[in-house]
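Undergrad: So here's data_12.txt (compact mmCIF, C-alpha atoms and all ligand atoms).
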# COMPACT_ATOMS: atom_id res chain seq x y z
CA MET A 1 82.46 142.35 138.36
CA ALA A 2 84.07 139.15 137.10
CA LEU A 3 86.90 139.82 134.68
CA LEU A 4 85.92 139.02 131.11
CA GLN A 5 87.98 136.00 129.99
CA SER A 6 88.90 134.62 126.57
CA PHE A 7 89.41 130.98 125.61
CA ILE A 8 92.73 132.14 124.14
CA GLN A 9 95.52 132.23 126.75
CA VAL A 10 96.58 135.86 127.17
CA HIS A 11 99.38 136.93 129.52
CA PRO A 12 98.18 139.54 132.11
CA ASP A 13 100.79 142.00 130.80
CA SER A 14 99.79 141.54 127.15
CA HIS A 15 98.60 144.80 125.55
CA PHE A 16 95.89 142.90 123.68
CA PRO A 17 93.56 141.07 126.12
CA ILE A 18 89.87 140.52 125.32
CA GLN A 19 89.16 144.02 126.72
CA ASN A 20 91.24 145.49 123.89
CA LEU A 21 90.69 144.11 120.40
CA PRO A 22 92.57 146.53 118.15
CA TYR A 23 92.26 146.64 114.36
CA GLY A 24 95.13 146.40 111.92
CA ILE A 25 96.26 145.04 108.54
CA PHE A 26 98.35 141.86 108.39
CA LYS A 27 99.54 139.05 106.10
CA PRO A 28 99.18 135.45 107.38
CA GLN A 29 102.19 134.49 105.19
CA PRO A 30 104.78 136.77 103.61
CA THR A 31 103.30 136.03 100.18
CA SER A 32 99.62 136.44 101.22
CA SER A 33 97.57 139.50 100.32
CA PRO A 34 97.20 142.10 103.09
CA ARG A 35 93.87 141.91 104.96
CA PRO A 36 92.12 143.29 108.07
CA GLY A 37 92.66 141.55 111.39
CA VAL A 38 92.12 141.94 115.11
CA ALA A 39 94.93 141.25 117.63
CA ILE A 40 94.34 139.09 120.70
CA GLY A 41 97.31 138.16 122.88
CA ASP A 42 99.99 136.83 120.52
CA PHE A 43 97.42 135.91 117.82
CA VAL A 44 95.64 137.72 114.99
CA LEU A 45 92.05 136.94 114.02
CA ASP A 46 91.65 137.06 110.22
CA LEU A 47 88.52 139.17 109.63
CA SER A 48 88.42 138.23 105.93
CA GLU A 49 87.94 134.57 106.92
CA ILE A 50 85.27 135.42 109.51
CA SER A 51 83.47 137.47 106.91
CA SER A 52 83.78 134.80 104.16
CA ALA A 53 82.36 132.25 106.59
CA GLY A 54 79.28 134.48 106.97
CA LEU A 55 79.84 135.00 110.69
CA PHE A 56 79.20 138.75 110.51
CA ASN A 57 75.43 138.42 110.29
CA GLY A 58 74.34 141.79 111.74
CA PRO A 59 72.50 144.33 109.56
CA LEU A 60 75.55 146.53 108.91
CA LEU A 61 78.30 143.99 108.21
CA ASN A 62 76.20 141.22 106.62
CA ASN A 63 76.88 141.34 102.83
CA SER A 64 79.62 143.97 103.22
CA ASP A 65 82.97 143.35 101.52
CA CYS A 66 84.70 145.75 103.95
CA PHE A 67 86.92 142.93 105.32
CA GLN A 68 87.94 141.73 101.84
CA GLN A 69 90.05 144.86 101.31
CA PRO A 70 93.80 145.52 101.65
CA ASN A 71 93.08 148.38 104.10
CA LEU A 72 90.54 149.38 106.76
CA ASN A 73 89.16 152.48 105.06
CA LYS A 74 85.89 150.89 103.89
CA PHE A 75 85.19 149.44 107.35
CA VAL A 76 86.18 152.70 109.07
CA SER A 77 83.86 154.70 106.81
CA LEU A 78 80.82 152.67 107.95
CA GLY A 79 80.84 154.74 111.17
CA ARG A 80 80.65 154.06 114.87
CA PRO A 81 77.56 151.81 114.80
CA ALA A 82 79.41 149.29 112.64
CA TRP A 83 82.65 149.35 114.53
CA LYS A 84 81.24 149.47 118.19
CA GLU A 85 96.22 151.04 106.11
CA ALA A 86 96.20 152.76 103.75
CA LEU A 87 96.22 156.27 105.14
CA GLY A 88 94.54 159.49 104.28
CA ASP A 89 95.86 162.91 105.17
CA TYR A 90 98.11 163.66 108.11
CA THR A 91 97.83 166.71 110.38
CA ASP A 92 99.98 167.34 113.45
CA PHE A 93 98.72 169.38 116.41
CA PHE A 94 100.72 171.12 119.16
CA SER A 95 98.49 170.49 122.16
CA SER A 96 100.68 169.91 125.24
CA LEU A 97 101.24 173.16 127.15
CA HIS A 98 104.48 171.83 128.67
CA HIS A 99 105.92 170.97 125.24
CA THR A 100 104.80 174.31 123.80
CA LYS A 101 106.36 176.28 126.66
CA ASN A 102 109.68 174.42 126.45
CA CYS A 103 109.92 174.75 122.64
CA GLY A 104 109.07 178.45 122.89
CA LEU A 105 111.83 179.00 125.48
CA ILE A 106 114.36 177.07 123.37
CA PHE A 107 113.48 178.53 119.92
CA ARG A 108 112.31 182.03 120.80
CA GLY A 109 113.47 182.91 124.31
CA PRO A 110 111.73 183.90 127.56
CA GLN A 111 109.67 186.91 126.34
CA THR A 112 106.61 185.01 125.03
CA PRO A 113 107.28 181.25 125.14
CA VAL A 114 103.56 180.56 124.55
CA LEU A 115 102.03 182.83 121.90
CA GLU A 116 98.60 184.35 122.59
CA ASN A 117 96.69 182.29 120.00
CA TRP A 118 97.77 179.00 121.61
CA TYR A 119 95.36 179.37 124.55
CA HIS A 120 92.43 180.04 122.18
CA LEU A 121 92.82 177.36 119.51
CA PRO A 122 94.55 174.00 118.91
CA VAL A 123 97.55 175.06 116.80
CA ALA A 124 98.51 172.59 114.04
CA TYR A 125 100.27 172.17 110.70
CA HIS A 126 99.51 169.95 107.72
CA GLY A 127 101.95 167.04 107.61
CA ARG A 128 102.74 164.69 104.75
CA ALA A 129 100.84 161.37 104.51
CA SER A 130 103.19 159.87 101.88
CA SER A 131 105.96 159.44 104.47
CA VAL A 132 103.83 157.95 107.26
CA VAL A 133 105.36 154.49 107.85
CA VAL A 134 104.46 151.54 110.04
CA SER A 135 106.46 150.61 113.14
CA GLY A 136 109.65 148.68 112.30
CA THR A 137 110.49 150.71 109.18
CA ASP A 138 114.08 152.05 109.18
CA ILE A 139 114.45 155.84 109.23
CA VAL A 140 117.06 157.32 106.89
CA ARG A 141 118.81 160.31 108.47
CA PRO A 142 117.62 163.30 106.41
CA ARG A 143 119.94 165.76 104.72
CA GLY A 144 119.11 169.44 104.46
CA GLN A 145 120.07 173.02 105.09
CA ALA A 146 120.96 174.31 108.52
CA HIS A 147 122.29 177.62 109.77
CA PRO A 148 123.82 177.34 113.24
CA ALA A 149 123.87 180.53 115.35
CA GLY A 150 127.08 182.51 114.91
CA LYS A 151 127.92 181.02 111.48
CA PRO A 152 127.96 183.46 108.53
CA SER A 153 125.96 181.29 106.11
CA PRO A 154 123.90 178.10 105.87
CA TYR A 155 125.39 174.73 104.89
CA PHE A 156 123.96 171.46 103.46
CA GLY A 157 124.49 168.02 105.00
CA PRO A 158 123.07 165.20 107.13
CA SER A 159 121.02 166.45 110.09
CA LEU A 160 123.10 166.68 113.27
CA LYS A 161 120.07 167.16 115.50
CA LEU A 162 117.80 164.21 114.71
CA ASP A 163 115.02 163.80 117.28
CA PHE A 164 111.90 161.78 118.06
CA GLU A 165 108.56 163.17 119.23
CA LEU A 166 106.33 161.14 121.55
CA GLU A 167 102.81 161.52 120.19
CA MET A 168 99.57 159.67 119.76
CA ALA A 169 97.21 160.05 116.82
CA THR A 170 93.50 159.90 116.14
CA ILE A 171 92.50 157.73 113.19
CA VAL A 172 89.43 159.39 111.70
CA GLY A 173 86.27 157.31 111.22
CA PRO A 174 83.54 158.42 108.81
CA GLY A 175 84.76 162.02 108.41
CA ASN A 176 82.66 164.92 107.15
CA GLU A 177 81.51 166.43 103.88
CA LEU A 178 83.30 169.51 102.55
CA GLY A 179 81.57 172.58 104.00
CA LYS A 180 79.88 170.70 106.87
CA PRO A 181 81.79 171.01 110.17
CA VAL A 182 81.62 168.33 112.87
CA ASP A 183 79.89 169.56 116.04
CA ILE A 184 82.21 169.43 119.05
CA ASN A 185 79.74 167.27 120.98
CA ASN A 186 79.56 164.70 118.14
CA ALA A 187 83.30 164.66 117.50
CA GLU A 188 83.90 161.44 119.46
CA ASP A 189 81.79 159.50 116.93
CA HIS A 190 84.30 160.50 114.25
CA ILE A 191 87.25 158.87 116.04
CA PHE A 192 87.79 155.27 114.95
CA GLY A 193 90.64 154.80 117.41
CA LEU A 194 94.15 155.78 118.44
CA VAL A 195 97.71 154.75 117.60
CA LEU A 196 101.16 155.75 118.88
CA LEU A 197 102.98 158.20 116.59
CA ASN A 198 106.60 159.31 116.37
CA ASP A 199 106.98 162.61 114.52
CA TRP A 200 110.68 162.29 113.66
CA SER A 201 112.15 165.80 113.59
CA ALA A 202 115.46 167.22 112.35
CA ARG A 203 115.82 170.15 114.74
CA ASP A 204 118.63 171.90 112.83
CA ILE A 205 116.72 171.80 109.51
CA GLN A 206 113.49 172.80 111.28
CA ALA A 207 114.98 175.78 113.14
CA TRP A 208 116.31 177.33 109.91
CA GLU A 209 113.34 176.64 107.59
CA TYR A 210 110.19 177.03 109.69
CA VAL A 211 109.76 180.81 109.76
CA PRO A 212 107.17 182.04 108.74
CA LEU A 213 105.20 179.12 107.25
CA GLY A 214 105.94 176.29 109.70
CA PRO A 215 107.49 172.80 109.61
CA PHE A 216 108.46 171.37 106.20
CA LEU A 217 111.51 169.20 105.36
CA GLY A 218 112.60 169.02 109.00
CA LYS A 219 109.57 166.83 109.70
CA ASN A 220 108.17 165.32 106.49
CA PHE A 221 110.93 162.75 105.86
CA ALA A 222 109.21 160.13 108.07
CA THR A 223 106.47 159.70 110.67
CA SER A 224 106.09 156.27 112.33
CA ILE A 225 102.84 154.84 113.69
CA SER A 226 102.05 151.68 115.68
CA PRO A 227 100.25 148.97 113.66
CA TRP A 228 97.14 148.33 115.81
CA ILE A 229 94.32 150.85 116.09
CA VAL A 230 92.92 150.77 119.63
CA THR A 231 89.25 151.80 119.82
CA LEU A 232 87.93 154.47 122.22
CA ASP A 233 85.60 151.80 123.61
CA ALA A 234 88.65 149.85 124.85
CA LEU A 235 90.07 153.03 126.41
CA GLU A 236 86.82 154.18 128.05
CA PRO A 237 87.64 152.60 131.48
CA PHE A 238 90.69 154.90 131.59
CA ALA A 239 88.91 158.15 130.64
CA CYS A 240 89.68 161.13 132.91
CA GLU A 241 88.88 164.81 133.03
CA ALA A 242 91.03 167.01 130.78
CA PRO A 243 92.90 169.98 132.34
CA LYS A 244 90.79 173.08 133.07
CA GLN A 245 91.06 175.55 130.18
CA ASP A 246 91.70 179.19 131.10
CA PRO A 247 90.64 181.32 129.27
CA PRO A 248 87.51 179.26 128.50
CA PRO A 249 87.33 178.19 124.85
CA LEU A 250 84.99 179.87 122.37
CA PRO A 251 81.57 178.16 122.14
CA TYR A 252 82.42 176.01 119.08
CA LEU A 253 85.23 174.39 121.14
CA ALA A 254 83.33 174.18 124.46
CA GLU A 255 82.37 170.53 125.05
CA LYS A 256 79.84 169.07 127.46
CA VAL A 257 82.34 166.43 128.55
CA SER A 258 86.03 167.31 128.34
CA LYS A 259 87.82 163.98 128.26
CA ASN A 260 91.41 162.75 128.26
CA TYR A 261 92.71 159.22 128.87
CA ASP A 262 95.04 158.12 131.67
CA LEU A 263 97.49 156.26 129.49
CA SER A 264 101.16 155.77 130.45
CA LEU A 265 103.59 156.55 127.64
CA GLU A 266 107.27 155.67 127.50
CA VAL A 267 110.14 156.16 125.10
CA HIS A 268 113.08 153.74 125.08
CA ILE A 269 116.30 154.13 123.08
CA LYS A 270 118.42 151.11 122.18
CA PRO A 271 121.86 152.06 120.81
CA VAL A 272 123.37 149.77 118.18
CA ASP A 273 125.15 146.74 119.71
CA HIS A 274 123.52 147.37 123.09
CA LYS A 275 121.55 144.48 124.53
CA ASP A 276 119.24 146.70 126.58
CA SER A 277 117.30 149.83 125.86
CA SER A 278 117.09 152.78 128.28
CA VAL A 279 113.89 154.61 129.18
CA VAL A 280 114.39 158.28 128.33
CA THR A 281 110.93 159.61 129.11
CA ARG A 282 107.72 158.66 130.93
CA SER A 283 104.68 160.77 130.14
CA ASN A 284 100.90 160.37 129.94
CA LEU A 285 98.17 161.17 127.42
CA LYS A 286 96.24 162.94 130.22
CA HIS A 287 98.65 165.91 129.92
CA LEU A 288 97.07 167.13 126.65
CA TYR A 289 95.56 170.61 127.08
CA TRP A 290 93.46 170.49 123.90
CA THR A 291 91.43 167.27 123.74
CA LEU A 292 91.23 164.89 120.79
CA THR A 293 87.64 165.98 120.15
CA GLN A 294 88.55 169.68 120.24
CA GLN A 295 91.34 169.00 117.73
CA LEU A 296 88.94 167.19 115.40
CA ALA A 297 86.12 169.75 115.66
CA HIS A 298 88.55 172.66 115.17
CA HIS A 299 90.00 170.96 112.07
CA THR A 300 86.56 170.95 110.42
CA ILE A 301 85.10 174.25 111.70
CA ASN A 302 86.03 176.14 108.50
CA GLY A 303 84.40 173.41 106.39
CA CYS A 304 87.59 171.39 105.81
CA ASN A 305 86.62 167.74 105.22
CA LEU A 306 88.22 164.84 107.09
CA ARG A 307 88.20 161.43 105.40
CA PRO A 308 88.26 157.84 106.72
CA GLY A 309 91.76 156.90 107.79
CA ASP A 310 93.07 160.46 108.18
CA VAL A 311 95.74 160.74 110.88
CA LEU A 312 95.58 163.59 113.41
CA GLY A 313 98.75 163.70 115.55
CA THR A 314 98.27 165.09 119.06
CA GLY A 315 101.58 166.92 119.09
CA THR A 316 104.40 165.97 121.43
CA ILE A 317 103.00 164.87 124.78
CA SER A 318 105.22 166.33 127.50
CA GLY A 319 104.26 166.27 131.17
CA PRO A 320 105.14 168.86 133.82
CA GLU A 321 108.23 167.05 135.18
CA PRO A 322 111.61 167.23 133.40
CA GLU A 323 111.58 163.38 133.14
CA ALA A 324 108.25 163.59 131.27
CA ARG A 325 109.51 165.67 128.35
CA GLY A 326 108.51 164.06 125.05
CA CYS A 327 111.51 164.76 122.79
CA LEU A 328 115.31 165.17 122.97
CA LEU A 329 115.04 168.87 122.11
CA GLU A 330 113.40 169.34 125.52
CA LEU A 331 115.21 166.54 127.42
CA THR A 332 118.69 167.85 126.50
CA TRP A 333 117.59 171.49 126.11
CA ASN A 334 118.64 171.60 122.45
CA GLY A 335 121.84 169.66 123.07
CA GLN A 336 123.10 171.76 126.00
CA ASN A 337 122.92 168.69 128.30
CA SER A 338 123.40 164.95 127.70
CA LEU A 339 121.26 161.96 128.60
CA SER A 340 122.92 158.76 129.76
CA LEU A 341 121.91 155.53 127.95
CA ASN A 342 123.46 152.90 130.22
CA GLY A 343 126.60 155.04 130.43
CA LEU A 344 126.53 156.23 126.80
CA ASP A 345 125.97 160.01 126.34
CA ARG A 346 123.28 161.24 123.95
CA LYS A 347 122.25 164.74 122.92
CA PHE A 348 120.47 163.77 119.68
CA LEU A 349 119.93 160.45 117.84
CA GLU A 350 122.91 158.66 116.35
CA ASP A 351 122.97 156.14 113.48
CA GLY A 352 121.96 152.70 114.73
CA ASP A 353 119.80 154.05 117.57
CA GLU A 354 116.42 152.36 117.76
CA VAL A 355 113.62 154.46 119.28
CA ILE A 356 110.71 152.54 120.78
CA LEU A 357 107.47 154.18 121.92
CA THR A 358 104.99 152.26 124.02
CA GLY A 359 101.68 153.09 125.70
CA TYR A 360 99.44 151.19 128.10
CA ALA A 361 96.90 151.43 130.90
CA LYS A 362 96.62 148.94 133.74
CA GLY A 363 93.12 147.74 134.58
CA ASP A 364 92.22 145.36 137.38
CA GLY A 365 94.07 142.19 136.33
CA TYR A 366 94.55 143.17 132.71
CA THR A 367 96.46 145.67 130.56
CA ILE A 368 95.22 147.67 127.57
CA GLY A 369 98.06 148.70 125.30
CA PHE A 370 99.21 149.82 121.90
CA GLY A 371 102.16 147.46 121.46
CA THR A 372 105.14 149.45 120.23
CA CYS A 373 106.03 152.05 117.62
CA SER A 374 109.69 151.63 116.73
CA GLY A 375 112.19 152.82 114.15
CA LYS A 376 115.97 152.54 113.72
CA ILE A 377 118.12 155.37 112.39
CA VAL A 378 120.19 154.41 109.34
CA PRO A 379 122.92 156.62 107.82
CA ALA A 380 122.08 159.48 105.47
CA ALA A 381 122.34 158.98 101.72
CA PRO A 382 125.96 159.60 100.59
O1 LIG A 401 107.71 177.48 119.47
C1 LIG A 401 108.30 177.48 118.38
O2 LIG A 401 108.79 178.49 117.88
C2 LIG A 401 108.39 176.23 117.63
C3 LIG A 401 108.01 175.06 118.13
C4 LIG A 401 108.05 173.87 117.33
O3 LIG A 401 108.35 173.93 116.15
C5 LIG A 401 107.73 172.59 118.01
C6 LIG A 401 107.56 171.46 117.08
O4 LIG A 401 108.50 170.76 116.74
C7 LIG A 401 106.20 171.22 116.55
C8 LIG A 401 105.79 169.83 116.78
O5 LIG A 401 105.57 169.46 117.95
O6 LIG A 401 105.69 169.05 115.79
CA CA A 402 104.97 167.01 116.25
MG MG A 403 106.98 163.79 110.84
Show how you would write the structure in this file as structure tokens.
TA:
Amino acid sequence: MALLQSFIQVHPDSHFPIQNLPYGIFKPQPTSSPRPGVAIGDFVLDLSEISSAGLFNGPLLNNSDCFQQPNLNKFVSLGRPAWKEALGDYTDFFSSLHHTKNCGLIFRGPQTPVLENWYHLPVAYHGRASSVVVSGTDIVRPRGQAHPAGKPSPYFGPSLKLDFELEMATIVGPGNELGKPVDINNAEDHIFGLVLLNDWSARDIQAWEYVPLGPFLGKNFATSISPWIVTLDALEPFACEAPKQDPPPLPYLAEKVSKNYDLSLEVHIKPVDHKDSSVVTRSNLKHLYWTLTQQLAHHTINGCNLRPGDVLGTGTISGPEPEARGCLLELTWNGQNSLSLNGLDRKFLEDGDEVILTGYAKGDGYTIGFGTCSGKIVPAAP
């Protein structure tokens, strides 16, 4: 099949060729109002202009003001037929078996690294949407309580174990009404697209606070996402079978097609004053045990309503190899070992470190990607 070509020159390594037209919000000038756009190569197509010019003349988008908005929520809520940042709620899952096993070993020891419920349902916690920030936003080192092992009492101060988490996230499309769950086999129609997500985590604050109700201040100080929402249609050529689930899931989670995506994921760290960044992990979205559709269906099965623009984090995506671990907690085994960044030792993030997530899939002569999701650590408040 001849490769689809655009009249716009796009480099073969660009994440945004004509096969991938991701949605985002941009300003043509710093003083312009924010508006929806689509990325292609190094350019952005202004959807508000296309719409004003009357070029959306199909039955669903004709006469709609969904592109004259400062966010994508109105467009997203039209549903999959119409889409062939302002954000809603944020939930974070825990769906990579490798990540779960490693965290269990580190936090709880070798008796039961993976708890029994994990194999039966996609475990998650409710995150905080107010602190979801777009790529490029600085991350202030959080302060909080910690209680290191062997010390008689807790102390308060800047986190000494600041970490990243390599994740992706589903951006919810139309969503569902309160009380009306989404059927597992229709769940794909509720996914507008995917972004990269970094669930910044203060491991010392987290370890002391999270029992018994789960993550709180160790994680809700910031969560970064990449700016362009890549549609599932663009990712379809890279769909692959998800891992076999044993024990088999209960019927409400059993899907006719159990799909993951073969998408390479990398994390780079660039220390302050360093010219180059170092790759610290290489993983892949295909390692998720619980699929994106199982996460979404499970989230609604009790009647909980999802809304357009809600963010569902996948959880840290670790692969089976030690080099594919998706956070420093796992890579350095909670600071017992160091990583080398071009000769510089790292156990956890230091002030000035910039963390850059990227994700892409290589097609025949083109690349589909997410751009980057980056954030630089700045010192804690005095
Ligand atoms: O297994 C445990 O006791 C705890 C694990 C975690 O808290 C992992 C974590 O940071 C959750 C996440 O991936 O956001
Ligand atoms: Ca997480
Ligand atoms: Mg977070």
Undergrad: Quick check, in Å to one decimal: how far apart do CA of Asp262 in chain A and CA of Arg282 in chain A lie?
TA: 12.7 Å
Undergrad: My list of candidates is A:Leu61, A:Val172, A:Leu45, A:Leu285. Which is closest to Asp189 in chain A when distances are computed with all atoms listed in the file?
TA: A:Val172
Undergrad: Could the residues that lie within 10 Å of ligand CA 402 (chain A), counting all atoms listed in the file, be listed as a list in words?
TA: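 The residues within 10 Å of ligand CA 402 (chain A), counting all atoms listed in the file, are Thr91, Asp92, Phe93, Phe94, Ser95, His99, Ala124, Tyr125, Gly127, Phe164, Glu165, Leu166, Glu167, Met168, Leu197, Asn198, Asp199, Trp200, Ser201, Pro215, Lys219, Thr223, Gly313, Thr314, Gly315, Thr316, Ile317, Gly326 and Cys327 of chain A.
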Undergrad: Quick check, in Å to one decimal: how far apart do CA of Ala254 in chain A and CA of Leu194 in chain A lie?
TA: 22.2 Å
Undergrad: Please measure the separation of CA of Leu55 in chain A and CA of Gly88 in chain A, giving the value in Å to one decimal.
TA: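 These two atoms are separated by 29.3 Å.
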Undergrad: From the options A:Tyr252, A:Phe67, A:Trp118, A:Tyr366, which residue's atoms come nearest to ligand LIG 401 (chain A), counting only C-alpha atoms and all ligand atoms?
TA: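 Of A:Tyr252, A:Phe67, A:Trp118, A:Tyr366, the one nearest ligand LIG 401 (chain A) is A:Trp118, counting only C-alpha atoms and all ligand atoms.
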Undergrad: Set the distance at 10 Å and use only C-alpha atoms: which residues neighbour Leu232 in chain A once local chain neighbours fewer than 6 positions away are removed? I'd like the list as a VMD selection string.
TA: chain A and resid 20 84 170 188 to 189 191 to 194 238 to 239 261
Undergrad: Give me, as a list in words, all polymer residues having an atom no more than 6 Å from range 242-247 of chain A, counting only C-alpha atoms and skipping those fewer than 6 positions away in the same chain.
TA: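 Those residues are Ser258, Lys259, Asn260 and Tyr289 of chain A.
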Undergrad: For Leu235 in chain A, which residue among A:Gln19, A:Asn117, A:Ser374, A:Ser48 is the nearest when counting all atoms listed in the file?
TA: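 Distance minimum relative to Leu235 in chain A lands on A:Gln19.
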Undergrad: With all atoms listed in the file as the atoms that count, which of A:Glu255, A:Asp163, A:Glu116, A:Asp233 lies nearest to ligand MG 403 (chain A)?
TA: A:Asp163
Undergrad: Would you place a box with edges along x, y and z of the file around all atoms of ligand LIG 401 (chain A) listed there, add 5 Å to each of its six sides, and report the centre and edge lengths in Å to one decimal, as lines of an AutoDock Vina configuration file?
TA:
center_x = 107.2
center_y = 173.8
center_z = 117.6
size_x = 13.2
size_y = 19.4
size_z = 13.7
Undergrad: I need the residue nearest Lys376 in chain A from this list: A:Arg141, A:Lys151, A:Lys74, A:His11. Use all atoms listed in the file for the distance.
TA: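 Residue with the minimum atom-to-atom distance to Lys376 in chain A: A:Arg141.
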Undergrad: Write out as an MDAnalysis selection string each polymer residue whose atoms come within 6 Å of range 335-347 of chain A, counting only C-alpha atoms; drop sequence neighbours fewer than 2 positions from it.
TA: chainID A and resid 278 332:333
Undergrad: Given all atoms listed in the file as the basis, pick out the residue of A:Ser6, A:Asn186, A:Ser14, A:Asn176 nearest to Thr367 in chain A.
TA: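 Checking each of A:Ser6, A:Asn186, A:Ser14, A:Asn176 against Thr367 in chain A, counting all atoms listed in the file, the winner is A:Ser14.
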Undergrad: Give me, as a count of residues only, all polymer residues having an atom no more than 8 Å from range 180-183 of chain A, counting all atoms listed in the file and skipping those fewer than 5 positions away in the same chain.
TA: 9
